[in-house]
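Let me begin by presenting the structure, written as structure tokens, before commenting on it.
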Amino acid sequence: MVSHKSRRRDDDLPSREEILAFVAENPGKAGKREIARAFGLTGAAKIGLKQLLRELAEEGLVEKRHRRLAMPGSLPPVFVANVTGRDADGELLGQPSRWYAEDGPVPAVLIVPDRHRNAPQPGVGDRALVRLGSGNPGEQASHVARIIKILEKEKASILGVIRLKEGDPVARLIPVDRKQKELPIDLGDLNEAKDDDLVAVETTRTGRYGTPKAKVIETIGSMKPEKAISMIALHEYGIRHVFPQAVLDEAERAKPVKPKGREDWRTLPLVTIDPPDAKDHDDAIYAEPDRDEANPDGWIVTVAIADVAAYVLPGSAMDREAHLRGNSVYFPDRVISMLPERISNDLCSLREGEDRPAMAVRMIFAADGRKKSHTFHRVIMRSAAKLAYAQAQDAVDGRTDDKTSPLLDPVLKPLWDAYACLKRGREVREPLDLDLPERKVLLTKGGFVDRVVVPERLDAHKLVEEFMIQANVVVAETLEKRRTPLLYRIHDASSPEKLESLRDFLSTLDIKLPKAGTLRPSHFNGILKHVEDTPNAELVNTVVLRSQAQAEYAPGNIGHFGLNLRCYAHFTSPIRRYSDLIVHRSLIRALDLGDDGLPDGIDGKLKAIGSEISAIERQAMKAERSTIDRLIAHWLCDRIGARFTGRIAGVTKSGLFVQLNETGADGFIPASTLGADYYHYDERSHILVGRTTGETYRLGSRVEVKLVEAAPLAGALRFEMLSEGIKGRPMRGRSGKASLASKQRHRTGKPAGAGRKGKGNVSRNKRRPKS
């Protein structure tokens with residue numbers, strides 16, 4: 001600290017300006033004692049200083065923090081920061097987790113990793129203890145801070161719905177997590193929340209052994225209106241769904257891209273083929289025979305992709321928000337877009353009859369489906385037609401309408417002929433060919449389930465999918481050849497543990513999975529072909545899928561096992577996937593297609609960015625699944641006691657999971673309700689088997705069940721088994737432990753969990769849904 005003793009007598013007080021300057025020069029270090037020492041104040045002068053500091057605080061010119069003074073809006077020398085995103089160069093940005101200046105904006109901090117020690121570095125969403133430092137914070141931050149250590153994430157609040165009854169002294173919180181227990185809430189702790197409100201609470205306890213209670217810290221909204229059920233998942237999984245005003249303002253300022261500097265493809269009859277309710281049209285396609293005599297019966301396939309990079313520039317407000325969102329999230333009742341509607345549904349969407357910028361690739365294929373060459377183009381295009389999958393398929397099958405009739409010969413038939421060519425190449429490649437029905441939940445106008453359908457998988461779907469795969473491949477190959485950094489879409493082979501589990505399961509069906517050598521997708525396809533058109537087909541497809549690794553994004557290439565491709569990246573959906581936008585920028589840089597390409601210096605950050613958006617993708621998938629579970633549980637509330645057919649989709653020591661044929665919904669049957677026998681869980685064979693009777697419940701068995709409980713908030717169903725198990729060999733003499741739940745009920749007549757706790761392979765009902 002600078003000494004001011006020589007500048008005044010002991011009884012002089014420093015001026016207000018001098019005190020403010022001292023506090024500003026010594027953030028986090030300037031208390032009354034330090035100021036007195038710095039200005040040489042003693043005796044009565046300290047009393048005057050105390051009064052002066054009080055006046056400055058009352059006027060809002062300084063504020064007190066832990067017996068130290070600071071300028072309003074300033075950061076302490078050491079603080080906890082939340083990592084919120086990345087700047088245009090890929091550097092981490094953060095904000096202080098607690099901010100004292102209520103009347104000012106929260107400062108943005110450039111977070112610099114500690115590069116002098118081999119320590120893990122934080123990613124977006126992490127918390128870190130940081131120290132203010134010096135350096136250039138760049139255009140998007142006002143301070144620089146260096147990491148001291150990464151901290152554990154703050155304990156998440158509990159989400160639930162308020163239940164109030166007139167005359168009750170307390171309210172109740174019904175948690176949305178089926179593993180949480182109901183909590184009482186004192187009426188004074190409701191924080192203005194009302195009956196049926198979705199809230200976040202923190203738990204409190206009176207004394208060390210007091211009963212836990214809840215206190216409302218945030219009211220999210222009422223559960224009564226439409227779209228309320230998906231709102232639970234938005235908050236449960238931290239899905240960003242409200243665009244900051246700066247992002248919306250930036251989107252509104254965007255102007256349509258002009259044709260100058262682009263190839264004019266507006267006369268090429270590219271068409272979009274999407275679901276009937278789609279609004280964000282990422283891709284358009286066209287195909288024609290190759291007239292080159294050196295390529296007999298070859299085809300030219302053109303794929304044009306929305307040029308999002310022309311509107312969303314690196315480091316912009318929209319770019320930062322898109323990075324944080326990672327991808328669009330699709331619920332049955334709403335879409336949470338990665339980009340504002342002005343961009344996703346308007347300026348970037350390849351609308352019929354409207355000029356739009358696009359990144360296009362033109363690929364030439366030989367008659368056997370092998371790609372011979374390709375070229376990239378930055379263009380202005382105009383979609384000739386917006387078609388739905390079924391509409392395009394109907395036209396090719398002979399059922400044209402007013403729109404498809406004039407397109408049939410010049411556009412649609414060539415597309416299907418080109419697909420037949422590409423399919424030959426796909427058959428040689430032999431990717432993993434799983435056949436699993438994709439159920440779709442259709443809602444009423446009120447936002448609740450009307451019915452659940454399994455849309456037919458048409459050649460139109462397969463055509464578009466194959467065209468997109470080929471475009472993704474050539475982009476990855478081009479960028480790899482030019483040594484341009486990118487995010488690959490990688491898919492590793494299954495782990496040895498998963499393969500061994502799959503091998504054990506298949507052995508129960510007398511199907512062998514090779515042990516020696518490297519497994520390829522063709523090995524799995526042989527198994528799937530073996531069970532095709534058998535009762536076990538769907539089950540085996542599901543188990544094979546579960547045995548696979550999860551695909552992710554990374555700058556290092558290990559290939560894509562499922563597609564059986566050496567090199568693969570996502571390029572075809574930049575409106576809804578941030579990974580694709582990065583790949584577009586990489587392509588622009590590599591081919592010198594503009595000045596809006598991948599920024600220099602971001603290469604070293606791509607690994608962290610890939611990990612971040614991969615994690616966000618997994619959270620989005622969980623959110624989508626949990627919303628469907630809740631919608632269906634809500635739908636089935638009125639059918640308690642109804643009978644359903646299904647199959648056993650999971651076997652655990654706690655009981656059975658059954659998937660219903662009608663809806664695809666999963667429900668649980670506790671082992672304690674199966675019968676008055678001792679039930680042993682055989683993990684290797686995926687069965688529960690009675691020790692005395694030999695009655696066996698096996699993974700994949702067809703069963704009839706009765707719905708006994710539905711919990712909409714948790715998305716949980718509980719069934720009662722109506723079907724008898726398969727007659728098998730009793731467990732007497734076999735090794736292993738029986739189901740404690742069954743033992744306990746047999747001995748005492750009490751339900752599972754009423755007596756002592758068990759160990760080993762025991763079956764206890766841990767997941768009873770809540771009302």
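If you're wondering about the labels, chains in the structure tokens are A, B, ... by order shown, residues count from 1 in each chain, ligands from 1 in order shown.
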When DSSP works through the backbone of this structure, what residues of region 534-659 of chain A end up as alpha helix (DSSP H), shown as a PDB file with C-alpha atoms, in the first residue's frame?
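Output saved as states-v3.pdb:
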```pdb
ATOM      1  CA  ALA A 537     -36.224 -59.233 -32.615  1.00  0.00           C
ATOM      2  CA  GLU A 538     -37.019 -55.984 -30.812  1.00  0.00           C
ATOM      3  CA  LEU A 539     -35.422 -57.187 -27.599  1.00  0.00           C
ATOM      4  CA  VAL A 540     -32.142 -58.159 -29.277  1.00  0.00           C
ATOM      5  CA  ASN A 541     -32.038 -54.877 -31.186  1.00  0.00           C
ATOM      6  CA  THR A 542     -32.482 -53.018 -27.892  1.00  0.00           C
ATOM      7  CA  VAL A 543     -29.786 -54.978 -26.060  1.00  0.00           C
ATOM      8  CA  VAL A 544     -27.340 -54.581 -28.950  1.00  0.00           C
ATOM      9  CA  LEU A 545     -27.997 -50.834 -28.912  1.00  0.00           C
ATOM     10  CA  ARG A 546     -27.327 -50.689 -25.158  1.00  0.00           C
ATOM     11  CA  TYR A 578     -23.371 -26.083 -32.515  1.00  0.00           C
ATOM     12  CA  SER A 579     -20.931 -28.770 -33.652  1.00  0.00           C
ATOM     13  CA  ASP A 580     -22.123 -28.311 -37.237  1.00  0.00           C
ATOM     14  CA  LEU A 581     -21.621 -24.544 -37.031  1.00  0.00           C
ATOM     15  CA  ILE A 582     -18.002 -25.112 -35.953  1.00  0.00           C
ATOM     16  CA  VAL A 583     -17.510 -27.477 -38.905  1.00  0.00           C
ATOM     17  CA  HIS A 584     -18.963 -24.866 -41.294  1.00  0.00           C
ATOM     18  CA  ARG A 585     -16.462 -22.333 -39.973  1.00  0.00           C
ATOM     19  CA  SER A 586     -13.651 -24.853 -40.408  1.00  0.00           C
ATOM     20  CA  LEU A 587     -14.686 -25.373 -44.027  1.00  0.00           C
ATOM     21  CA  ILE A 588     -14.831 -21.631 -44.675  1.00  0.00           C
ATOM     22  CA  ARG A 589     -11.301 -21.273 -43.303  1.00  0.00           C
ATOM     23  CA  ALA A 590      -9.919 -24.286 -45.154  1.00  0.00           C
ATOM     24  CA  LEU A 591     -11.343 -23.323 -48.555  1.00  0.00           C
ATOM     25  CA  LEU A 606     -11.834 -27.621 -29.398  1.00  0.00           C
ATOM     26  CA  LYS A 607     -11.345 -30.604 -27.081  1.00  0.00           C
ATOM     27  CA  ALA A 608     -13.045 -28.780 -24.212  1.00  0.00           C
ATOM     28  CA  ILE A 609     -15.779 -27.414 -26.505  1.00  0.00           C
ATOM     29  CA  GLY A 610     -16.444 -30.929 -27.828  1.00  0.00           C
ATOM     30  CA  SER A 611     -16.739 -32.299 -24.285  1.00  0.00           C
ATOM     31  CA  GLU A 612     -19.091 -29.479 -23.294  1.00  0.00           C
ATOM     32  CA  ILE A 613     -21.518 -29.887 -26.176  1.00  0.00           C
ATOM     33  CA  SER A 614     -21.416 -33.694 -25.865  1.00  0.00           C
ATOM     34  CA  ALA A 615     -22.489 -33.358 -22.224  1.00  0.00           C
ATOM     35  CA  ILE A 616     -25.226 -30.890 -23.182  1.00  0.00           C
ATOM     36  CA  GLU A 617     -26.459 -33.311 -25.849  1.00  0.00           C
ATOM     37  CA  ARG A 618     -26.787 -36.092 -23.256  1.00  0.00           C
ATOM     38  CA  GLN A 619     -28.715 -33.778 -20.911  1.00  0.00           C
ATOM     39  CA  ALA A 620     -31.065 -32.832 -23.744  1.00  0.00           C
ATOM     40  CA  MET A 621     -31.766 -36.503 -24.495  1.00  0.00           C
ATOM     41  CA  LYS A 622     -32.569 -37.140 -20.829  1.00  0.00           C
ATOM     42  CA  ALA A 623     -34.871 -34.125 -20.762  1.00  0.00           C
ATOM     43  CA  GLU A 624     -36.731 -35.322 -23.856  1.00  0.00           C
ATOM     44  CA  ARG A 625     -37.166 -38.841 -22.455  1.00  0.00           C
ATOM     45  CA  SER A 626     -38.307 -37.671 -19.017  1.00  0.00           C
ATOM     46  CA  THR A 627     -40.916 -35.370 -20.556  1.00  0.00           C
ATOM     47  CA  ILE A 628     -42.393 -38.222 -22.586  1.00  0.00           C
ATOM     48  CA  ASP A 629     -42.457 -40.378 -19.427  1.00  0.00           C
ATOM     49  CA  ARG A 630     -44.353 -37.662 -17.544  1.00  0.00           C
ATOM     50  CA  LEU A 631     -46.821 -37.057 -20.367  1.00  0.00           C
ATOM     51  CA  ILE A 632     -47.641 -40.746 -20.651  1.00  0.00           C
ATOM     52  CA  ALA A 633     -47.925 -41.182 -16.868  1.00  0.00           C
ATOM     53  CA  HIS A 634     -50.344 -38.248 -16.812  1.00  0.00           C
ATOM     54  CA  TRP A 635     -52.304 -39.828 -19.672  1.00  0.00           C
ATOM     55  CA  LEU A 636     -52.555 -43.184 -17.891  1.00  0.00           C
TER      56      LEU A 636
END
```
- request: Give me the residues within 9 Å of region 644-648 of chain A as a ChimeraX atom specification, counting only C-alpha atoms and dropping any in the same chain fewer than 5 places off.
  value: /A:539,656-662,664,697-707
Near region 279-287 of chain A, 9 Å: region 354-409 of chain A residue rows, closest pairs, only C-alpha atoms, as JSON lines:
```
{"residue": "A:Ala358", "atom": "CA", "partner": "A:Asp283", "partner_atom": "CA", "distance": 8.9}
{"residue": "A:Ser383", "atom": "CA", "partner": "A:Ala284", "partner_atom": "CA", "distance": 7.2}
{"residue": "A:Lys386", "atom": "CA", "partner": "A:His281", "partner_atom": "CA", "distance": 8.8}
```
task: Rounded to one decimal place, report the CA of Leu674 (chain A)-CA of Glu720 (chain A) distance in Å.
output: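 Between these atoms lies a distance of 7.8 Å.
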message: Nearest residue to Lys529 (chain A) out of A:Ile575, A:Val62, A:Leu173, A:Leu434, using only C-alpha atoms?
response: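 So, comparing all the options, the nearest one is A:Leu434.
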message: At a cut-off of 9 Å, using only C-alpha atoms, what residues contact region 156-170 of chain A? Leave out same-chain residues fewer than 6 positions from it and give the result as a PyMOL selection string.
response: chain A and resi 176-177+180+182+184-188+190+193-203+214+217+222-223+232+235-236+713
message: When DSSP is applied to the backbone of this structure, which of region 223-273 of chain A are assigned strand (DSSP E)? Write them out as a PyMOL selection string.
response: chain A and resi 263-265+271-273
task: Go through A:Val454, A:Leu53, A:Leu324, A:Ala549 one by one, measure the shortest atom-to-atom distance of each to Ser494 (chain A) using only C-alpha atoms, and give the residue with the smallest value.
output: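 With only C-alpha atoms as the atom set, the closest residue is A:Ala549.
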field: For Ile469 (chain A), the nearest of the candidates A:Leu563, A:Ile640, A:Leu129, A:Ala141, counting only C-alpha atoms
entry: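 Smallest separation from Ile469 (chain A) among the options: A:Leu563.
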message: Report, in Å with one decimal, the straight-line distance from CA of Arg334 (chain A) to CA of Lys445 (chain A).
response: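 Straight-line distance from CA of Arg334 (chain A) to CA of Lys445 (chain A) works out to 12.4 Å.
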query: Neighbours of Asp417 (chain A) within 9 Å (only C-alpha atoms; same-chain residues fewer than 6 positions away dropped), as a VMD selection string?
result: chain A and resid 287 to 289 299
task: Please indicate the distance in Å from CA of Asp397 (chain A) to CA of Ala278 (chain A), rounded to one decimal place.
output: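 Straight-line distance from CA of Asp397 (chain A) to CA of Ala278 (chain A) works out to 22.9 Å.
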